[in-house]
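Have a look at query.txt below; it lists compact mmCIF, C-alpha atoms and all ligand atoms.
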# COMPACT_ATOMS: atom_id res chain seq x y z
CA MET J 161 -2.06 -6.72 24.67
CA ALA J 162 -0.90 -4.15 22.17
CA HIS J 163 -1.53 -0.48 21.59
CA LEU J 164 -1.13 2.17 18.93
CA ALA J 165 1.76 4.60 19.05
CA ALA J 166 2.54 7.51 16.71
CA GLN J 167 5.94 6.67 15.26
CA PRO J 168 8.23 8.14 12.59
CA LEU J 169 8.93 5.65 9.81
CA PRO J 170 12.45 4.24 9.49
CA GLY J 171 13.99 5.59 6.30
CA CYS J 172 11.03 7.94 5.89
CA PRO J 173 11.07 10.10 9.04
CA GLU J 174 9.01 12.84 7.34
CA ILE J 175 5.96 10.62 7.95
CA ARG J 176 4.58 9.61 11.34
CA LEU J 177 1.94 6.93 11.61
CA ALA J 178 -0.17 5.53 14.41
CA LEU J 179 0.91 1.89 14.27
CA ILE J 180 1.10 -1.07 16.61
CA ASN J 181 3.79 -0.57 19.27
CA SER J 182 7.21 -1.89 18.17
CA ASP J 183 7.43 -4.21 21.20
CA PHE J 184 4.04 -5.79 20.50
CA PRO J 185 3.63 -9.21 22.12
CA THR J 186 4.80 -12.01 19.84
CA GLY J 187 4.06 -14.99 22.08
CA PRO J 188 1.16 -17.41 21.63
CA LEU J 189 -2.25 -15.72 21.61
CA PRO J 190 -5.39 -17.02 23.33
CA PRO J 191 -7.46 -18.95 20.77
CA GLU J 192 -10.29 -16.39 20.67
CA VAL J 193 -7.80 -13.58 20.03
CA MET J 194 -6.08 -15.65 17.31
CA ARG J 195 -9.44 -16.29 15.65
CA ALA J 196 -10.27 -12.58 15.73
CA VAL J 197 -6.85 -11.62 14.27
CA ILE J 198 -7.30 -14.09 11.41
CA ALA J 199 -10.92 -13.07 10.78
CA GLU J 200 -10.12 -9.36 10.62
CA PRO J 201 -6.40 -8.80 10.07
CA ALA J 202 -5.39 -5.30 11.16
CA TYR J 203 -3.19 -4.65 8.11
CA TRP J 204 -3.54 -0.92 8.85
CA ALA J 205 -1.61 -1.34 12.14
CA PHE J 206 1.61 -1.97 10.16
CA CYS J 207 3.34 0.05 7.48
CA TRP J 208 4.11 -2.64 4.91
CA GLY J 209 7.51 -2.68 3.27
CA SER J 210 5.99 -1.91 -0.12
CA GLY J 211 4.12 1.13 1.21
CA LEU J 212 7.23 2.35 2.99
CA GLY J 213 9.36 1.92 -0.14
CA LEU J 214 6.77 3.61 -2.34
CA ALA J 215 6.46 6.53 0.11
CA ARG J 216 10.23 7.04 0.02
CA ALA J 217 10.22 6.88 -3.79
CA LEU J 218 7.44 9.49 -4.07
CA LEU J 219 9.09 11.88 -1.61
CA ASP J 220 12.37 11.54 -3.53
CA ALA J 221 10.74 11.94 -6.96
CA PRO J 222 7.60 14.10 -6.50
CA LEU J 223 7.13 14.49 -10.27
CA HIS J 224 5.10 11.27 -10.35
CA VAL J 225 2.32 12.82 -8.27
CA ALA J 226 2.83 16.60 -8.04
CA GLY J 227 -0.27 18.51 -9.15
CA LYS J 228 -2.22 15.28 -9.75
CA HIS J 229 -5.28 13.53 -8.35
CA VAL J 230 -3.81 10.45 -6.70
CA LEU J 231 -5.71 7.36 -5.57
CA ASP J 232 -4.13 5.20 -2.83
CA LEU J 233 -5.90 1.88 -3.49
CA GLY J 234 -5.71 -0.51 -0.51
CA SER J 235 -4.47 2.31 1.67
CA GLY J 236 -4.15 0.50 5.02
CA SER J 237 -2.44 3.07 7.25
CA GLY J 238 -2.55 5.55 4.35
CA VAL J 239 1.22 5.73 4.00
CA ALA J 240 1.37 5.99 0.19
CA GLY J 241 -1.40 8.59 0.00
CA ILE J 242 0.20 10.65 2.75
CA ALA J 243 3.52 10.61 0.88
CA ALA J 244 1.71 11.66 -2.31
CA ALA J 245 0.06 14.58 -0.50
CA MET J 246 3.41 15.63 0.95
CA ALA J 247 4.97 15.36 -2.51
CA GLY J 248 2.50 17.92 -3.85
CA ALA J 249 -0.49 15.95 -5.19
CA SER J 250 -3.36 18.36 -5.84
CA ARG J 251 -5.86 15.87 -4.44
CA VAL J 252 -5.54 12.49 -2.72
CA THR J 253 -8.27 9.89 -2.36
CA ALA J 254 -7.71 6.72 -0.37
CA CYS J 255 -9.78 3.58 -0.81
CA ASP J 256 -9.86 0.52 1.45
CA ILE J 257 -12.53 -2.11 1.96
CA ASP J 258 -11.65 -2.32 5.67
CA ALA J 259 -13.54 0.29 7.73
CA ASP J 260 -10.74 0.35 10.33
CA ALA J 261 -8.18 1.04 7.58
CA CYS J 262 -10.34 3.94 6.37
CA LEU J 263 -10.33 5.36 9.90
CA ALA J 264 -6.57 4.76 10.27
CA THR J 265 -5.90 6.54 6.97
CA ALA J 266 -7.98 9.55 8.06
CA VAL J 267 -6.29 9.71 11.48
CA ASN J 268 -2.81 9.34 9.99
CA ALA J 269 -3.51 12.02 7.38
CA GLU J 270 -4.43 14.39 10.20
CA LEU J 271 -1.31 13.36 12.14
CA ASN J 272 0.76 14.46 9.14
CA SER J 273 -1.27 17.63 8.49
CA VAL J 274 -2.40 16.56 5.03
CA HIS J 275 -5.90 16.15 3.64
CA ILE J 276 -7.08 12.83 2.21
CA ASP J 277 -10.62 11.91 1.18
CA VAL J 278 -11.34 8.34 2.24
CA VAL J 279 -13.81 5.94 0.61
CA ASP J 280 -14.50 2.25 1.20
CA ASP J 281 -15.47 1.39 -2.36
CA LEU J 282 -13.76 2.05 -5.67
CA ALA J 283 -17.12 3.14 -7.09
CA GLY J 284 -17.04 6.10 -4.70
CA VAL J 285 -13.72 7.46 -6.00
CA PRO J 286 -14.20 10.80 -7.76
CA ARG J 287 -13.05 10.75 -11.41
CA PRO J 288 -10.83 11.51 -13.18
CA VAL J 289 -7.89 9.93 -11.36
CA ASP J 290 -4.40 10.73 -12.67
CA VAL J 291 -2.30 8.28 -10.64
CA VAL J 292 -3.23 5.03 -8.85
CA LEU J 293 -0.88 3.73 -6.15
CA MET J 294 -1.16 0.07 -5.09
CA ALA J 295 1.26 -0.88 -2.32
CA ASP J 296 1.23 -4.47 -1.09
CA VAL J 297 -2.34 -5.08 -2.20
CA LEU J 298 -1.57 -8.23 -4.19
CA TYR J 299 -0.63 -10.26 -1.07
CA ASP J 300 -3.69 -12.38 -1.84
CA ARG J 301 -4.11 -13.76 -5.37
CA ALA J 302 -7.83 -13.10 -4.97
CA ASN J 303 -6.92 -9.40 -5.19
CA LEU J 304 -5.41 -9.71 -8.70
CA PRO J 305 -8.63 -8.47 -10.37
CA LEU J 306 -7.96 -5.17 -8.58
CA LEU J 307 -5.22 -4.58 -11.16
CA ASP J 308 -7.85 -4.55 -13.88
CA ALA J 309 -10.06 -2.24 -11.81
CA ALA J 310 -7.08 0.10 -11.41
CA THR J 311 -6.14 0.07 -15.08
CA ALA J 312 -9.78 0.71 -16.03
CA LEU J 313 -9.37 4.17 -14.46
CA ASP J 314 -7.12 5.07 -17.39
CA ALA J 315 -4.53 6.56 -15.06
CA HIS J 316 -0.80 6.09 -14.42
CA VAL J 317 -0.84 2.96 -12.23
CA ILE J 318 2.12 2.31 -9.92
CA VAL J 319 2.28 -1.07 -8.16
CA ALA J 320 4.76 -1.64 -5.31
CA ASP J 321 5.14 -5.20 -4.15
CA SER J 322 7.73 -7.21 -2.25
CA ARG J 323 6.11 -10.58 -2.84
CA ILE J 324 5.73 -10.55 -6.61
CA ARG J 325 8.76 -10.70 -8.91
CA ASP J 326 6.88 -10.55 -12.18
CA LEU J 327 3.37 -9.20 -12.61
CA GLY J 328 3.05 -11.44 -15.67
CA ARG J 329 1.42 -8.65 -17.68
CA ASP J 330 3.06 -7.05 -20.67
CA ASP J 331 1.07 -3.86 -20.10
CA PHE J 332 3.13 -3.15 -16.95
CA THR J 333 6.82 -2.23 -17.00
CA PRO J 334 9.28 -2.61 -14.12
CA MET J 335 10.41 0.79 -12.77
CA PHE J 336 13.06 -0.02 -10.16
CA GLU J 337 13.69 -1.92 -6.94
CA LEU J 338 14.46 -0.68 -3.46
CA GLN J 339 14.95 -2.14 -0.01
CA ALA J 340 12.32 -1.66 2.68
CA LEU J 341 11.03 -3.65 5.60
CA THR J 342 7.58 -3.78 7.15
CA PHE J 343 7.39 -1.58 10.25
CA PRO J 344 7.09 -2.52 13.07
CA ASN J 345 9.23 -5.48 12.14
CA LEU J 346 7.18 -8.61 11.50
CA GLY J 347 10.28 -10.78 11.11
CA GLU J 348 9.57 -11.41 7.44
CA PHE J 349 12.00 -13.43 5.34
CA ASP J 350 14.90 -11.51 3.76
CA GLU J 351 13.46 -12.16 0.29
CA PHE J 352 10.59 -9.79 1.14
CA ARG J 353 12.95 -6.85 1.76
CA THR J 354 13.15 -6.06 -1.94
CA VAL J 355 10.26 -3.90 -3.10
CA ARG J 356 9.63 -3.92 -6.86
CA LEU J 357 7.83 -1.07 -8.56
CA PHE J 358 5.86 -1.59 -11.77
CA GLU J 359 3.97 0.98 -13.79
CA GLN J 360 1.40 1.26 -16.48
CA HIS J 361 0.77 4.50 -18.32
CA PRO J 362 -2.68 5.43 -19.64
CA GLY J 363 -3.21 3.87 -23.04
CA GLN J 364 -0.75 1.04 -22.29
CA ARG J 365 -3.51 -1.51 -21.58
CA THR J 366 -3.47 -4.77 -23.50
CA SER J 367 -5.57 -7.91 -23.34
CA ASN J 368 -2.77 -9.81 -21.55
CA SER J 369 -3.77 -10.23 -17.93
CA SER J 370 -2.13 -13.56 -17.09
CA PRO J 371 -1.65 -14.29 -13.40
CA ALA J 372 1.30 -12.88 -11.53
CA ASP J 373 4.11 -15.18 -10.37
CA SER J 374 4.54 -15.04 -6.63
CA ALA J 375 8.07 -14.74 -5.27
C1 LIG I 1 -1.10 -5.37 3.20
S1 LIG I 1 -2.15 -3.97 3.33
C2 LIG I 1 -1.15 -2.67 2.60
C3 LIG I 1 -1.53 -1.33 3.16
C4 LIG I 1 -0.69 -0.15 2.67
N1 LIG I 1 -0.86 0.05 1.25
C5 LIG I 1 0.78 -0.34 2.99
O1 LIG I 1 1.57 -0.53 2.07
O2 LIG I 1 1.13 -0.31 4.19
C6 LIG I 1 -3.36 -4.25 2.03
C7 LIG I 1 -4.62 -3.39 2.16
O3 LIG I 1 -5.43 -3.59 0.99
C8 LIG I 1 -6.78 -3.57 1.41
N2 LIG I 1 -7.60 -4.22 0.37
C9 LIG I 1 -7.68 -5.53 0.07
N3 LIG I 1 -8.57 -5.74 -0.93
C10 LIG I 1 -9.04 -4.52 -1.28
C11 LIG I 1 -10.02 -4.06 -2.23
N4 LIG I 1 -10.66 -4.92 -3.04
N5 LIG I 1 -10.27 -2.73 -2.31
C12 LIG I 1 -9.65 -1.87 -1.48
N6 LIG I 1 -8.73 -2.24 -0.54
C13 LIG I 1 -8.44 -3.54 -0.44
C14 LIG I 1 -6.76 -4.29 2.75
O4 LIG I 1 -7.92 -4.02 3.52
C15 LIG I 1 -5.49 -3.74 3.36
O5 LIG I 1 -5.73 -2.59 4.14
Using structure tokens, write down the structure from this file.
Amino acid sequence: MAHLAAQPLPGCPEIRLALINSDFPTGPLPPEVMRAVIAEPAYWAFCWGSGLGLARALLDAPLHVAGKHVLDLGSGSGVAGIAAAMAGASRVTACDIDADACLATAVNAELNSVHIDVVDDLAGVPRPVDVVLMADVLYDRANLPLLDAATALDAHVIVADSRIRDLGRDDFTPMFELQALTFPNLGEFDEFRTVRLFEQHPGQRTSNSSPADSA
């Protein structure tokens, strides 16, 4: 009932991704399809607003990633890693626990003529890592421990999130906000159009890891 189409990203036309078609069916789904969608959400078939915003930010300010080994953690379509590669990263590794997301990241990297190594487990990421990008990975509170896993890499960690106003950790500092919408449009609430970027520099870790406040 839907298909993949290679599409330039709104506001970031330098990048093309194979994503669900913009006129994907939005009516009621047969129960077995609904169950399958819930059991294995195809996050990789959308470019989430946070990933889109982060990609724009990296292309506009390549200094964050140029010449560095960048890890796109929770890569989905691979949008953040692709932007990092285009912005001059010396090496990009993408990591996602979803095998389909790993495949999507590899295919999308090829579509944009950049090279990304893809792994499905953080343990498989070659060290050292200079920069960790996490775009829209904290959508589930169960993923909060990933922040600690990222900071344990002793890298510059950049978190982009449209659902969290305050990470609730004094070892992360707000960078800036920008406007970006998930593509294709999922009809999200206006409050999720604002993407907030937070960063932690190596050596900035503290023992404060209190839970984030959701928007
Ligand atoms: C909402 S998508 C965001 C994808 C992409 N970063 C973007 O902005 O479009 C979140 C992704 O994080 C991945 N993810 C969730 N938990 C993870 C984990 N523990 N390790 C690696 N990836 C994870 C999911 O499989 C999914 O592809």
With the cut-off set at 7 Å and counting all atoms listed in the file, tabulate each residue of stretch 179-235 of chain J with an atom at most that distance from an atom of stretch 280-289 of chain J, showing the nearest atom pair and its distance in Å to one decimal, ordered by chain and increasing number, as a tab-separated table.
residue	atom	partner	partner_atom	distance
J:His229	CA	J:Val289	CA	5.4
J:Val230	CA	J:Val289	CA	6.2
J:Leu231	CA	J:Val289	CA	6.7
Atoms kept (C-alpha atoms) for selection, written as a JSON list (two decimals), in the frame of the given file:
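Wrote it out as again-v2.json, contents follow:
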[["chain", "number", "residue", "atom", "x", "y", "z"],
["J", 229, "HIS", "CA", -5.28, 13.53, -8.35],
["J", 230, "VAL", "CA", -3.81, 10.45, -6.70],
["J", 231, "LEU", "CA", -5.71, 7.36, -5.57]]
message: Which residue is closest to ligand LIG 1 (chain I)? Choose from J:Ala309, J:Ala266, J:Val225, J:Val274 and count all atoms listed in the file.
response: J:Ala309
field: Site check for ligand LIG 1 (chain I): residues at most 7 Å away, only C-alpha atoms and all ligand atoms, as a ChimeraX atom specification
entry: /J:203-204,206-212,233-240,255-258,261,280-282,294-297,299,303,306
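Pairwise distance (atom CA of J:Asp308, atom CA of J:Phe358) equals 14.2 Å.
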message: At a cut-off of 10 Å, using only C-alpha atoms, what residues contact J:Gly171? Leave out same-chain residues fewer than 5 positions from it and give the result as a list in words.
response: Leu212, Gly213, Ala215, Arg216, Ala340 and Leu341 of chain J
Interface rows for stretch 236-353 of chain J against stretch 172-176 of chain J: nearest pair, Å to one decimal, 10 Å, only C-alpha atoms, as CSV:
residue,atom,partner,partner_atom,distance
J:Val239,CA,J:Ile175,CA,7.9
J:Ile242,CA,J:Ile175,CA,7.8
J:Ala243,CA,J:Ile175,CA,7.5
J:Met246,CA,J:Glu174,CA,8.9
J:Asn268,CA,J:Arg176,CA,7.5
J:Ala269,CA,J:Arg176,CA,9.3
J:Leu271,CA,J:Arg176,CA,7.0
J:Asn272,CA,J:Arg176,CA,6.6
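Distance annotation: of J:Asp290, J:Glu337, J:Glu348, J:Asp331, the residue with the minimal separation from J:Asp232 is J:Asp290; atom set is only C-alpha atoms.
Atom CA of J:Leu298 is positioned 18.6 Å from atom CA of J:Ala315.
Among the candidates J:Ala205, J:Ile276, J:Val291, J:Met161, the one nearest to J:Pro190 when counting only C-alpha atoms is J:Met161.
Our summary of the geometry notes that atom CA of J:Ala245 is positioned 14.4 Å from atom CA of J:Leu177.
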- prompt: If you count all atoms listed in the file, which residues fall within 9 Å of J:Phe336, apart from same-chain ones fewer than 6 positions away, as a PyMOL selection string?
  reply: chain J and resi 355-358
Let's have the selection written as a PDB file, in the coordinates of the input, with C-alpha atoms.
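again-v1.pdb, written as the output of this step:
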ATOM      1  CA  VAL J 355      10.260  -3.900  -3.100  1.00  0.00           C
ATOM      2  CA  ARG J 356       9.630  -3.920  -6.860  1.00  0.00           C
ATOM      3  CA  LEU J 357       7.830  -1.070  -8.560  1.00  0.00           C
ATOM      4  CA  PHE J 358       5.860  -1.590 -11.770  1.00  0.00           C
TER       5      PHE J 358
END
- prompt: Pick the closest to J:Ala312 from J:Thr186, J:Gln364, J:Asn181, J:Ser273: which is it, counting all atoms listed in the file?
  reply: J:Gln364
message: What's around J:Val317 at 7 Å? Count all atoms listed in the file, leave out sequence neighbours fewer than 2 positions away in its own chain, and write the answer as a ChimeraX atom specification.
response: /J:291-293,310-311,315,319,359-361
